[in-house]
$ cat structure_7.cif   # mmCIF, C-alpha atoms
data_upload
#
loop_
_atom_site.group_PDB
_atom_site.id
_atom_site.type_symbol
_atom_site.label_atom_id
_atom_site.label_comp_id
_atom_site.auth_asym_id
_atom_site.auth_seq_id
_atom_site.Cartn_x
_atom_site.Cartn_y
_atom_site.Cartn_z
ATOM 1 C CA MET A 1 118.105 89.292 86.762
ATOM 2 C CA ALA A 2 116.278 88.055 83.671
ATOM 3 C CA GLY A 3 113.514 85.593 82.844
ATOM 4 C CA ARG A 4 110.187 85.084 84.591
ATOM 5 C CA GLN A 5 109.382 88.132 86.762
ATOM 6 C CA ARG A 6 106.683 89.023 89.284
ATOM 7 C CA PHE A 7 104.707 92.214 88.714
ATOM 8 C CA ASN A 8 104.989 93.390 92.323
ATOM 9 C CA LEU A 9 102.115 95.790 92.923
ATOM 10 C CA TYR A 10 100.993 94.275 96.247
ATOM 11 C CA LYS A 11 102.351 93.443 99.668
ATOM 12 C CA TYR A 12 102.100 89.703 98.926
ATOM 13 C CA SER A 13 102.975 89.798 95.215
ATOM 14 C CA ASP A 14 106.045 87.595 95.613
ATOM 15 C CA TYR A 15 104.002 84.719 97.041
ATOM 16 C CA ILE A 16 100.469 85.430 95.867
ATOM 17 C CA ASP A 17 100.178 81.793 94.767
ATOM 18 C CA VAL A 18 101.285 80.464 98.176
ATOM 19 C CA GLY A 19 98.223 80.618 100.409
ATOM 20 C CA TYR A 20 100.210 79.445 103.436
ATOM 21 C CA ALA A 21 102.091 82.785 103.405
ATOM 22 C CA TYR A 22 99.132 84.956 104.479
ATOM 23 C CA HIS A 23 96.232 84.735 106.903
ATOM 24 C CA TRP A 24 93.313 84.822 104.425
ATOM 25 C CA ILE A 25 92.180 82.024 102.162
ATOM 26 C CA THR A 26 92.743 84.455 99.290
ATOM 27 C CA PRO A 27 93.776 88.125 99.528
ATOM 28 C CA PRO A 28 90.977 90.724 99.116
ATOM 29 C CA ARG A 29 89.809 90.601 95.494
ATOM 30 C CA GLY A 30 89.516 94.359 94.921
ATOM 31 C CA VAL A 31 93.069 95.277 95.865
ATOM 32 C CA TYR A 32 94.562 92.115 94.326
ATOM 33 C CA SER A 33 92.826 92.563 90.982
ATOM 34 C CA LEU A 34 95.425 92.905 88.218
ATOM 35 C CA PRO A 35 94.745 90.583 85.262
ATOM 36 C CA PHE A 36 98.348 89.379 85.428
ATOM 37 C CA ASN A 37 100.950 88.945 88.166
ATOM 38 C CA SER A 38 103.993 87.822 86.210
ATOM 39 C CA GLY A 39 105.658 87.853 82.810
ATOM 40 C CA GLU A 40 108.960 87.705 80.996
ATOM 41 C CA GLY A 41 111.433 90.494 81.569
ATOM 42 C CA VAL A 42 114.550 91.891 83.178
ATOM 43 C CA GLY A 43 115.120 93.594 86.489
ATOM 44 C CA LEU A 44 117.499 95.221 88.925
ATOM 45 C CA VAL A 45 117.476 94.715 92.706
ATOM 46 C CA TYR A 46 119.122 96.821 95.398
ATOM 47 C CA SER A 47 119.045 95.910 99.085
ATOM 48 C CA ASP A 48 120.892 97.464 101.994
ATOM 49 C CA LEU A 49 120.653 98.470 105.612
ATOM 50 C CA TRP A 50 120.162 102.203 106.220
ATOM 51 C CA GLY A 51 120.711 102.567 109.945
ATOM 52 C CA ASN A 52 118.006 100.418 111.531
ATOM 53 C CA THR A 53 115.981 100.206 108.333
ATOM 54 C CA GLU A 54 116.163 97.388 105.824
ATOM 55 C CA VAL A 55 115.736 98.782 102.310
ATOM 56 C CA GLY A 56 114.746 96.989 99.121
ATOM 57 C CA LEU A 57 114.504 98.779 95.767
ATOM 58 C CA THR A 58 113.505 96.993 92.581
ATOM 59 C CA TYR A 59 113.040 97.928 88.943
ATOM 60 C CA LYS A 60 111.589 95.533 86.365
ATOM 61 C CA TYR A 61 110.540 95.658 82.741
ATOM 62 C CA ILE A 62 107.945 92.980 82.057
ATOM 63 C CA THR A 63 105.903 91.735 79.105
ATOM 64 C CA THR A 64 103.039 89.272 79.277
ATOM 65 C CA SER A 65 100.536 87.793 76.857
ATOM 66 C CA VAL A 66 97.547 85.547 77.564
ATOM 67 C CA SER A 67 95.454 84.179 74.701
ATOM 68 C CA ASP A 68 92.433 83.254 76.825
ATOM 69 C CA TYR A 69 92.308 85.607 79.824
ATOM 70 C CA ALA A 70 89.061 85.749 81.822
ATOM 71 C CA PRO A 71 88.643 87.779 85.055
ATOM 72 C CA VAL A 72 88.358 85.641 88.189
ATOM 73 C CA GLY A 73 84.758 85.267 89.303
ATOM 74 C CA SER A 74 83.406 86.705 86.050
ATOM 75 C CA SER A 75 81.244 85.157 83.350
ATOM 76 C CA THR A 76 83.129 87.150 80.699
ATOM 77 C CA PRO A 77 84.308 84.812 77.922
ATOM 78 C CA PRO A 78 88.085 84.376 77.545
ATOM 79 C CA ALA A 79 89.814 86.861 75.267
ATOM 80 C CA PRO A 80 93.383 87.807 74.284
ATOM 81 C CA PHE A 81 95.200 90.035 76.778
ATOM 82 C CA SER A 82 98.692 91.497 76.522
ATOM 83 C CA ALA A 83 100.695 94.100 78.416
ATOM 84 C CA LYS A 84 104.180 95.456 78.822
ATOM 85 C CA GLY A 85 105.567 98.032 81.176
ATOM 86 C CA HIS A 86 107.773 99.071 84.052
ATOM 87 C CA ILE A 87 107.353 98.386 87.773
ATOM 88 C CA MET A 88 109.298 100.073 90.565
ATOM 89 C CA ASN A 89 109.172 98.876 94.185
ATOM 90 C CA PHE A 90 110.302 100.772 97.280
ATOM 91 C CA ASN A 91 110.150 98.578 100.387
ATOM 92 C CA PHE A 92 111.298 99.370 103.917
ATOM 93 C CA SER A 93 111.330 97.529 107.241
ATOM 94 C CA THR A 94 112.083 99.056 110.626
ATOM 95 C CA ALA A 95 111.654 96.905 113.748
ATOM 96 C CA GLY A 96 108.083 95.592 113.472
ATOM 97 C CA PHE A 97 107.034 98.086 110.797
ATOM 98 C CA GLU A 98 106.985 97.218 107.097
ATOM 99 C CA TYR A 99 105.934 99.751 104.488
ATOM 100 C CA GLY A 100 106.177 100.026 100.733
ATOM 101 C CA LEU A 101 105.247 101.921 97.598
ATOM 102 C CA ASN A 102 104.898 100.251 94.198
ATOM 103 C CA VAL A 103 104.484 102.144 90.929
ATOM 104 C CA GLY A 104 103.669 100.505 87.620
ATOM 105 C CA ILE A 105 103.771 102.291 84.266
ATOM 106 C CA VAL A 106 102.101 100.125 81.626
ATOM 107 C CA THR A 107 103.116 101.523 78.253
ATOM 108 C CA ASP A 108 101.004 99.200 76.103
ATOM 109 C CA PHE A 109 98.135 96.872 76.967
ATOM 110 C CA SER A 110 95.284 95.351 74.973
ATOM 111 C CA TYR A 111 92.224 93.354 75.972
ATOM 112 C CA GLU A 112 90.369 92.167 72.872
ATOM 113 C CA LEU A 113 86.884 91.329 74.115
ATOM 114 C CA PRO A 114 84.788 90.084 71.164
ATOM 115 C CA ALA A 115 81.625 91.869 72.353
ATOM 116 C CA LEU A 116 83.414 95.220 72.538
ATOM 117 C CA LEU A 117 85.142 94.690 69.212
ATOM 118 C CA GLY A 118 81.710 94.077 67.680
ATOM 119 C CA LEU A 119 80.312 97.216 69.314
ATOM 120 C CA GLY A 120 83.239 99.255 68.035
ATOM 121 C CA GLU A 121 82.694 97.924 64.526
ATOM 122 C CA ALA A 122 78.999 98.843 64.688
ATOM 123 C CA ILE A 123 79.891 102.403 65.759
ATOM 124 C CA SER A 124 82.371 102.730 62.890
ATOM 125 C CA GLN A 125 79.893 101.448 60.327
ATOM 126 C CA THR A 126 77.410 104.259 61.066
ATOM 127 C CA GLY A 127 79.870 106.740 59.572
ATOM 128 C CA LEU A 128 78.621 109.347 62.047
ATOM 129 C CA PHE A 129 81.253 109.271 64.734
ATOM 130 C CA ASP A 130 84.918 110.170 64.905
ATOM 131 C CA ASP A 131 87.435 107.333 65.177
ATOM 132 C CA GLN A 132 88.308 108.607 68.648
ATOM 133 C CA VAL A 133 84.949 107.307 69.900
ATOM 134 C CA VAL A 134 86.001 103.736 69.121
ATOM 135 C CA ASN A 135 89.481 104.364 70.539
ATOM 136 C CA ASP A 136 87.894 105.557 73.802
ATOM 137 C CA LEU A 137 85.761 102.404 73.940
ATOM 138 C CA LEU A 138 88.313 99.692 73.187
ATOM 139 C CA ALA A 139 91.310 98.843 75.362
ATOM 140 C CA ILE A 140 93.680 98.407 72.430
ATOM 141 C CA GLU A 141 97.272 99.657 72.675
ATOM 142 C CA ASP A 142 96.373 101.762 75.731
ATOM 143 C CA SER A 143 98.513 102.784 78.694
ATOM 144 C CA ALA A 144 97.957 102.791 82.444
ATOM 145 C CA LEU A 145 99.370 104.023 85.731
ATOM 146 C CA LEU A 146 99.251 101.574 88.655
ATOM 147 C CA ILE A 147 99.914 102.537 92.263
ATOM 148 C CA GLY A 148 100.121 100.255 95.277
ATOM 149 C CA ALA A 149 100.920 101.270 98.851
ATOM 150 C CA ASN A 150 101.057 99.146 101.982
ATOM 151 C CA VAL A 151 101.955 99.368 105.654
ATOM 152 C CA LYS A 152 102.101 96.628 108.287
ATOM 153 C CA TYR A 153 102.963 96.411 111.950
ATOM 154 C CA ASP A 154 103.561 92.995 113.462
ATOM 155 C CA ALA A 155 104.018 92.772 117.235
ATOM 156 C CA GLY A 156 104.180 88.980 117.246
ATOM 157 C CA LYS A 157 100.972 88.329 119.169
ATOM 158 C CA TRP A 158 99.000 90.723 116.958
ATOM 159 C CA PHE A 159 99.323 92.568 113.657
ATOM 160 C CA ILE A 160 97.627 95.215 111.547
ATOM 161 C CA LEU A 161 97.952 95.669 107.784
ATOM 162 C CA ALA A 162 96.578 98.206 105.286
ATOM 163 C CA GLU A 163 96.830 98.309 101.500
ATOM 164 C CA TYR A 164 95.658 100.692 98.787
ATOM 165 C CA THR A 165 95.777 100.323 95.005
ATOM 166 C CA ARG A 166 94.758 102.569 92.129
ATOM 167 C CA ILE A 167 94.499 101.576 88.476
ATOM 168 C CA ASP A 168 94.228 104.611 86.187
ATOM 169 C CA VAL A 169 93.921 103.653 82.517
ATOM 170 C CA ASP A 170 93.464 105.478 79.234
ATOM 171 C CA PRO A 171 89.786 106.143 78.359
ATOM 172 C CA SER A 172 88.185 102.782 77.536
ATOM 173 C CA SER A 173 85.675 100.294 78.895
ATOM 174 C CA PHE A 174 88.089 99.804 81.826
ATOM 175 C CA ASN A 175 87.059 101.730 84.909
ATOM 176 C CA ILE A 176 89.379 103.828 87.024
ATOM 177 C CA GLN A 177 89.681 101.633 90.106
ATOM 178 C CA ASP A 178 90.444 102.522 93.721
ATOM 179 C CA SER A 179 90.607 99.760 96.330
ATOM 180 C CA ALA A 180 91.722 99.615 99.945
ATOM 181 C CA PHE A 181 91.474 97.428 103.011
ATOM 182 C CA VAL A 182 92.533 97.287 106.642
ATOM 183 C CA SER A 183 93.165 93.894 108.242
ATOM 184 C CA ALA A 184 94.053 93.048 111.830
ATOM 185 C CA GLY A 185 94.651 89.806 113.653
ATOM 186 C CA VAL A 186 95.495 88.254 117.001
ATOM 187 C CA ARG A 187 97.632 85.131 117.401
ATOM 188 C CA TYR A 188 96.969 82.683 120.226
ATOM 189 C CA HIS A 189 99.103 79.559 120.272
ATOM 190 C CA ASP A 190 98.493 77.885 116.869
ATOM 191 C CA PHE A 191 95.466 80.035 116.037
ATOM 192 C CA THR A 192 95.127 83.380 114.254
ATOM 193 C CA PHE A 193 91.840 85.271 114.517
ATOM 194 C CA HIS A 194 91.501 88.075 111.991
ATOM 195 C CA LEU A 195 89.114 90.754 110.717
ATOM 196 C CA THR A 196 89.325 92.651 107.409
ATOM 197 C CA TYR A 197 87.296 95.611 106.131
ATOM 198 C CA GLY A 198 87.653 96.838 102.564
ATOM 199 C CA ILE A 199 86.172 99.118 99.925
ATOM 200 C CA ASP A 200 86.318 98.937 96.119
ATOM 201 C CA LYS A 201 85.299 101.695 93.740
ATOM 202 C CA GLY A 202 85.174 101.541 89.949
ATOM 203 C CA ASP A 203 84.334 104.764 88.092
ATOM 204 C CA PRO A 204 83.292 104.421 84.431
ATOM 205 C CA GLN A 205 85.056 106.514 81.817
ATOM 206 C CA TYR A 206 82.315 108.063 79.699
ATOM 207 C CA ASP A 207 84.557 109.651 77.056
ATOM 208 C CA ALA A 208 83.174 107.538 74.198
ATOM 209 C CA TYR A 209 79.541 108.020 75.253
ATOM 210 C CA ASP A 210 79.984 111.766 75.840
ATOM 211 C CA ALA A 211 81.475 112.148 72.352
ATOM 212 C CA MET A 212 78.493 110.352 70.788
ATOM 213 C CA LEU A 213 75.807 112.463 72.470
ATOM 214 C CA PRO A 214 76.237 115.741 70.486
ATOM 215 C CA VAL A 215 76.009 113.834 67.197
ATOM 216 C CA TYR A 216 73.038 111.814 68.436
ATOM 217 C CA ASN A 217 71.164 114.866 69.771
ATOM 218 C CA ALA A 218 71.563 116.709 66.467
ATOM 219 C CA LEU A 219 69.803 113.950 64.494
ATOM 220 C CA PRO A 220 66.102 114.006 63.517
ATOM 221 C CA PRO A 221 63.827 112.048 65.906
ATOM 222 C CA ALA A 222 63.466 109.119 63.496
ATOM 223 C CA ASN A 223 67.228 108.739 63.201
ATOM 224 C CA GLN A 224 67.628 109.054 66.959
ATOM 225 C CA ALA A 225 65.205 106.181 67.501
ATOM 226 C CA ALA A 226 67.228 103.979 65.149
ATOM 227 C CA LEU A 227 70.527 104.903 66.772
ATOM 228 C CA ALA A 228 69.372 104.820 70.408
ATOM 229 C CA PRO A 229 70.197 101.111 70.992
ATOM 230 C CA LEU A 230 73.787 101.685 69.837
ATOM 231 C CA VAL A 231 74.276 104.787 71.991
ATOM 232 C CA MET A 232 72.689 103.214 75.069
ATOM 233 C CA GLY A 233 74.618 99.998 74.411
ATOM 234 C CA THR A 234 77.850 101.974 74.480
ATOM 235 C CA LYS A 235 76.884 103.549 77.801
ATOM 236 C CA ALA A 236 76.029 100.114 79.225
ATOM 237 C CA ALA A 237 79.380 98.693 78.071
ATOM 238 C CA LEU A 238 81.243 101.505 79.812
ATOM 239 C CA GLU A 239 79.307 100.853 83.029
ATOM 240 C CA ALA A 240 79.765 97.067 82.985
ATOM 241 C CA GLN A 241 82.604 97.204 85.535
ATOM 242 C CA GLN A 242 81.102 99.972 87.660
ATOM 243 C CA GLU A 243 81.421 99.263 91.369
ATOM 244 C CA ASP A 244 80.884 100.954 94.711
ATOM 245 C CA SER A 245 81.231 98.151 97.212
ATOM 246 C CA SER A 246 82.367 97.309 100.716
ATOM 247 C CA TYR A 247 82.996 94.033 102.511
ATOM 248 C CA TYR A 248 84.240 92.506 105.705
ATOM 249 C CA ILE A 249 85.950 89.183 106.342
ATOM 250 C CA ILE A 250 85.996 87.354 109.657
ATOM 251 C CA GLY A 251 88.405 84.436 109.709
ATOM 252 C CA THR A 252 90.399 81.912 111.683
ATOM 253 C CA ARG A 253 93.630 80.179 110.787
ATOM 254 C CA TRP A 254 94.823 77.060 112.605
ATOM 255 C CA ASP A 255 98.429 76.017 112.036
ATOM 256 C CA PHE A 256 97.901 72.374 112.966
ATOM 257 C CA HIS A 257 101.201 71.311 111.395
ATOM 258 C CA PRO A 258 104.499 73.152 110.682
ATOM 259 C CA SER A 259 103.698 72.892 106.962
ATOM 260 C CA ALA A 260 99.893 73.068 106.934
ATOM 261 C CA ALA A 261 97.145 75.471 107.954
ATOM 262 C CA LEU A 262 93.370 75.111 108.116
ATOM 263 C CA LYS A 263 91.460 78.311 107.326
ATOM 264 C CA LEU A 264 87.803 79.225 107.855
ATOM 265 C CA GLU A 265 86.285 82.533 106.710
ATOM 266 C CA TYR A 266 82.984 84.361 106.542
ATOM 267 C CA THR A 267 82.708 87.173 103.974
ATOM 268 C CA ASN A 268 79.908 89.733 103.774
ATOM 269 C CA TYR A 269 79.878 91.775 100.558
ATOM 270 C CA SER A 270 77.642 94.715 99.582
ATOM 271 C CA ASN A 271 77.669 96.652 96.304
ATOM 272 C CA ASP A 272 75.614 99.794 95.572
ATOM 273 C CA LYS A 273 76.438 99.946 91.839
ATOM 274 C CA PRO A 274 74.872 97.651 90.793
ATOM 275 C CA THR A 275 72.971 96.750 93.927
ATOM 276 C CA SER A 276 73.888 93.330 95.278
ATOM 277 C CA ASP A 277 74.542 91.657 98.621
ATOM 278 C CA GLU A 278 76.369 88.386 99.118
ATOM 279 C CA GLN A 279 77.582 86.224 101.976
ATOM 280 C CA LEU A 280 80.142 83.465 101.655
ATOM 281 C CA LEU A 281 81.456 80.842 104.063
ATOM 282 C CA SER A 282 84.775 79.337 102.955
ATOM 283 C CA MET A 283 87.187 76.706 104.203
ATOM 284 C CA ALA A 284 90.607 75.752 102.878
ATOM 285 C CA VAL A 285 93.761 73.859 103.760
ATOM 286 C CA ASP A 286 97.068 75.416 102.673
ATOM 287 C CA LEU A 287 100.249 73.388 102.464
ATOM 288 C CA VAL A 288 103.859 74.363 101.995
ATOM 289 C CA PHE A 289 106.685 72.019 101.029
#

$ encode --input "structure_7.cif" --output "structure tokens"
Amino acid sequence: MAGRQRFNLYKYSDYIDVGYAYHWITPPRGVYSLPFNSGEGVGLVYSDLWGNTEVGLTYKYITTSVSDYAPVGSSTPPAPFSAKGHIMNFNFSTAGFEYGLNVGIVTDFSYELPALLGLGEAISQTGLFDDQVVNDLLAIEDSALLIGANVKYDAGKWFILAEYTRIDVDPSSFNIQDSAFVSAGVRYHDFTFHLTYGIDKGDPQYDAYDAMLPVYNALPPANQAALAPLVMGTKAALEAQQEDSSYYIIGTRWDFHPSAALKLEYTNYSNDKPTSDEQLLSMAVDLVF
């Protein structure tokens, strides 16, 4: 197959844009957090029945480029983003059990944030630091390993689902991200009552900052004072995506029509790094044609 391809890292990757296909209003943000979900490419698909198990194996090579990408829910200004890489999917279904492993190898990605480009230029202009410092700050022509795993059991009247994702990138302002959730629901006539608990962790990569410290510490006090804003600014940039959060979602879905569902959700979110607490009440109507 060739043309537009999905980058299938998640359980619901194939229909992430079809809200009617899942019980939430939107899937948990932390797990479903890739800056792209599709691109141009080629792929191979294998499907078969191994005994009582349905098997689906997929390989895809995908490229994508967005001139004005901005993370959802972020105030970050739009900036050019591009990526290309391989994705392999291993999906299995036995009776009511569904389970899968998805592995993405991104060979080249760039995210050209103007603020970081300016910071990198300022570091270079000092003439004090090795070029590797800037390379470890900017996400330019970097690589990444993406892992997604999921398992679901659906008994008809109730279900339980768990997903885990890890995004491990070359040293840059991108954090190493681990996210997971468990979601369960009960169906009663046209209603689905569900509960989700999840955690998201983003660990800064301090390679650039750690490389600057020996040079900074060796300078005379007067020079240190002049350079301190640049060094501390680098540390702050690396910690901008830091996260250690948890959340729970309580929701109801009412399938009031064969092609329409009304959804109501309450979300409670708590983050320790940086400290913040939020509550959100949401309502949506999803349609399918």

$ closest_residue --input "structure_7.cif" --among "A:Val134, A:Ala184, A:Leu49, A:Leu116" --to "Lys157 of chain A" --atoms "all atoms listed in the file"
A:Ala184

$ closest_residue --input "structure_7.cif" --among "A:Ile140, A:Leu57, A:Ile249, A:Leu119" --to "Met232 of chain A" --atoms "only C-alpha atoms"
A:Leu119

$ closest_atom_pairs --input "structure_7.cif" --of "segment 56-111 of chain A" --to "segment 143-148 of chain A" --cutoff "6 Å" --atoms "all atoms listed in the file" --output "JSON lines"
{"residue": "A:Leu101", "atom": "CA", "partner": "A:Gly148", "partner_atom": "CA", "distance": 5.9}
{"residue": "A:Asn102", "atom": "CA", "partner": "A:Gly148", "partner_atom": "CA", "distance": 4.9}
{"residue": "A:Val103", "atom": "CA", "partner": "A:Ile147", "partner_atom": "CA", "distance": 4.8}
{"residue": "A:Gly104", "atom": "CA", "partner": "A:Leu146", "partner_atom": "CA", "distance": 4.7}
{"residue": "A:Ile105", "atom": "CA", "partner": "A:Leu145", "partner_atom": "CA", "distance": 5.0}
{"residue": "A:Val106", "atom": "CA", "partner": "A:Ala144", "partner_atom": "CA", "distance": 5.0}
{"residue": "A:Thr107", "atom": "CA", "partner": "A:Ser143", "partner_atom": "CA", "distance": 4.8}
{"residue": "A:Asp108", "atom": "CA", "partner": "A:Ser143", "partner_atom": "CA", "distance": 5.1}

$ closest_residue --input "structure_7.cif" --among "A:Arg6, A:Lys235, A:Arg253, A:Arg29" --to "Gly185 of chain A" --atoms "all atoms listed in the file"
A:Arg253

$ residues_near_point --input "structure_7.cif" --point "(89.5, 100.1, 77.3)" --cutoff "7 Å" --atoms "all atoms listed in the file" --output "compact mmCIF listing (two decimals) with C-alpha atoms, in the coordinates of the input"
# COMPACT_ATOMS: atom_id res chain seq x y z
CA ASP A 136 87.89 105.56 73.80
CA LEU A 137 85.76 102.40 73.94
CA LEU A 138 88.31 99.69 73.19
CA ALA A 139 91.31 98.84 75.36
CA ILE A 140 93.68 98.41 72.43
CA ASP A 170 93.46 105.48 79.23
CA PRO A 171 89.79 106.14 78.36
CA SER A 172 88.18 102.78 77.54
CA SER A 173 85.68 100.29 78.90
CA PHE A 174 88.09 99.80 81.83

$ closest_residue --input "structure_7.cif" --among "A:Ser65, A:Asn89, A:Thr192, A:Thr252" --to "Trp158 of chain A" --atoms "only C-alpha atoms"
A:Thr192

$ residues_near_point --input "structure_7.cif" --point "(89.5, 105.1, 92.3)" --cutoff "6 Å" --atoms "only C-alpha atoms" --output "PyMOL selection string"
chain A and resi 166+176-178+201

$ resolve_selection --input "structure_7.cif" --expression "the PyMOL selection byres ((chain A and resi 100) around 8)" --output "PyMOL selection string"
chain A and resi 11+89-92+98-99+101-102+149-151

$ resolve_selection --input "structure_7.cif" --expression "the PyMOL selection byres ((chain A and resi 79) around 10)" --output "ChimeraX atom specification"
/A:66-71,76-78,80-81,111-114

$ closest_residue --input "structure_7.cif" --among "A:Val133, A:Leu219, A:Ala115, A:Phe193" --to "Ala240 of chain A" --atoms "only C-alpha atoms"
A:Ala115

$ closest_residue --input "structure_7.cif" --among "A:Asn268, A:Pro28, A:Ser282, A:Ser82" --to "Tyr164 of chain A" --atoms "only C-alpha atoms"
A:Pro28

$ resolve_selection --input "structure_7.cif" --expression "the PyMOL selection byres ((chain A and resi 162) around 8)" --output "list in words"
Asn150, Val151, Lys152, Ile160, Leu161, Glu163, Tyr164, Ala180, Phe181, Val182 and Ser183 of chain A

$ atom_distance --input "structure_7.cif" --atom1 "atom CA of Ser110 of chain A" --atom2 "atom CA of Lys84 of chain A"
9.7 Å

$ residues_around --input "structure_7.cif" --residues "Glu54 of chain A" --least-positions-apart "3" --cutoff "8 Å" --atoms "all atoms listed in the file" --output "JSON, numbers by chain"
{"A": [47, 48, 49, 50, 92, 93, 94]}

$ atom_distance --input "structure_7.cif" --atom1 "atom CA of Leu117 of chain A" --atom2 "atom CA of Asp168 of chain A"
21.7 Å

$ build_atoms --input "structure_7.cif" --residues "segment 19-32 of chain A" --atoms "N, CA, C and O atoms" --output "PDB file, keeping the file's coordinate frame"
ATOM      1  N   GLY A  19      99.219  80.234  99.412  1.00  0.00           N
ATOM      2  CA  GLY A  19      98.223  80.618 100.409  1.00  0.00           C
ATOM      3  C   GLY A  19      98.716  80.504 101.834  1.00  0.00           C
ATOM      4  O   GLY A  19      98.241  81.228 102.720  1.00  0.00           O
ATOM      5  N   TYR A  20      99.680  79.633 102.089  1.00  0.00           N
ATOM      6  CA  TYR A  20     100.210  79.445 103.436  1.00  0.00           C
ATOM      7  C   TYR A  20     100.898  80.716 103.951  1.00  0.00           C
ATOM      8  O   TYR A  20     101.041  80.901 105.161  1.00  0.00           O
ATOM      9  N   ALA A  21     101.292  81.620 103.034  1.00  0.00           N
ATOM     10  CA  ALA A  21     102.091  82.785 103.405  1.00  0.00           C
ATOM     11  C   ALA A  21     101.278  83.914 104.027  1.00  0.00           C
ATOM     12  O   ALA A  21     101.863  84.838 104.604  1.00  0.00           O
ATOM     13  N   TYR A  22      99.956  83.873 103.917  1.00  0.00           N
ATOM     14  CA  TYR A  22      99.132  84.956 104.479  1.00  0.00           C
ATOM     15  C   TYR A  22      97.949  84.370 105.237  1.00  0.00           C
ATOM     16  O   TYR A  22      97.661  83.175 105.147  1.00  0.00           O
ATOM     17  N   HIS A  23      97.255  85.236 105.982  1.00  0.00           N
ATOM     18  CA  HIS A  23      96.232  84.735 106.903  1.00  0.00           C
ATOM     19  C   HIS A  23      94.888  84.449 106.245  1.00  0.00           C
ATOM     20  O   HIS A  23      94.110  83.666 106.761  1.00  0.00           O
ATOM     21  N   TRP A  24      94.590  85.085 105.105  1.00  0.00           N
ATOM     22  CA  TRP A  24      93.313  84.822 104.425  1.00  0.00           C
ATOM     23  C   TRP A  24      93.382  83.519 103.628  1.00  0.00           C
ATOM     24  O   TRP A  24      94.453  82.980 103.369  1.00  0.00           O
ATOM     25  N   ILE A  25      92.201  83.103 103.154  1.00  0.00           N
ATOM     26  CA  ILE A  25      92.180  82.024 102.162  1.00  0.00           C
ATOM     27  C   ILE A  25      92.716  82.556 100.839  1.00  0.00           C
ATOM     28  O   ILE A  25      93.576  81.945 100.201  1.00  0.00           O
ATOM     29  N   THR A  26      92.199  83.707 100.428  1.00  0.00           N
ATOM     30  CA  THR A  26      92.743  84.455  99.290  1.00  0.00           C
ATOM     31  C   THR A  26      92.764  85.927  99.673  1.00  0.00           C
ATOM     32  O   THR A  26      91.895  86.386 100.417  1.00  0.00           O
ATOM     33  N   PRO A  27      93.735  86.698  99.211  1.00  0.00           N
ATOM     34  CA  PRO A  27      93.776  88.125  99.528  1.00  0.00           C
ATOM     35  C   PRO A  27      92.541  88.838  98.983  1.00  0.00           C
ATOM     36  O   PRO A  27      91.902  88.365  98.035  1.00  0.00           O
ATOM     37  N   PRO A  28      92.159  89.981  99.573  1.00  0.00           N
ATOM     38  CA  PRO A  28      90.977  90.724  99.116  1.00  0.00           C
ATOM     39  C   PRO A  28      90.993  90.972  97.610  1.00  0.00           C
ATOM     40  O   PRO A  28      91.969  91.486  97.056  1.00  0.00           O
ATOM     41  N   ARG A  29      89.905  90.592  96.964  1.00  0.00           N
ATOM     42  CA  ARG A  29      89.809  90.601  95.494  1.00  0.00           C
ATOM     43  C   ARG A  29      90.025  91.980  94.901  1.00  0.00           C
ATOM     44  O   ARG A  29      90.683  92.129  93.875  1.00  0.00           O
ATOM     45  N   GLY A  30      89.455  93.032  95.521  1.00  0.00           N
ATOM     46  CA  GLY A  30      89.516  94.359  94.921  1.00  0.00           C
ATOM     47  C   GLY A  30      90.927  94.890  94.810  1.00  0.00           C
ATOM     48  O   GLY A  30      91.348  95.382  93.756  1.00  0.00           O
ATOM     49  N   VAL A  31      91.689  94.795  95.889  1.00  0.00           N
ATOM     50  CA  VAL A  31      93.069  95.277  95.865  1.00  0.00           C
ATOM     51  C   VAL A  31      93.923  94.390  94.971  1.00  0.00           C
ATOM     52  O   VAL A  31      94.693  94.867  94.139  1.00  0.00           O
ATOM     53  N   TYR A  32      93.764  93.073  95.103  1.00  0.00           N
ATOM     54  CA  TYR A  32      94.562  92.115  94.326  1.00  0.00           C
ATOM     55  C   TYR A  32      93.818  91.749  93.043  1.00  0.00           C
ATOM     56  O   TYR A  32      93.360  90.632  92.870  1.00  0.00           O
TER      57      TYR A  32
END
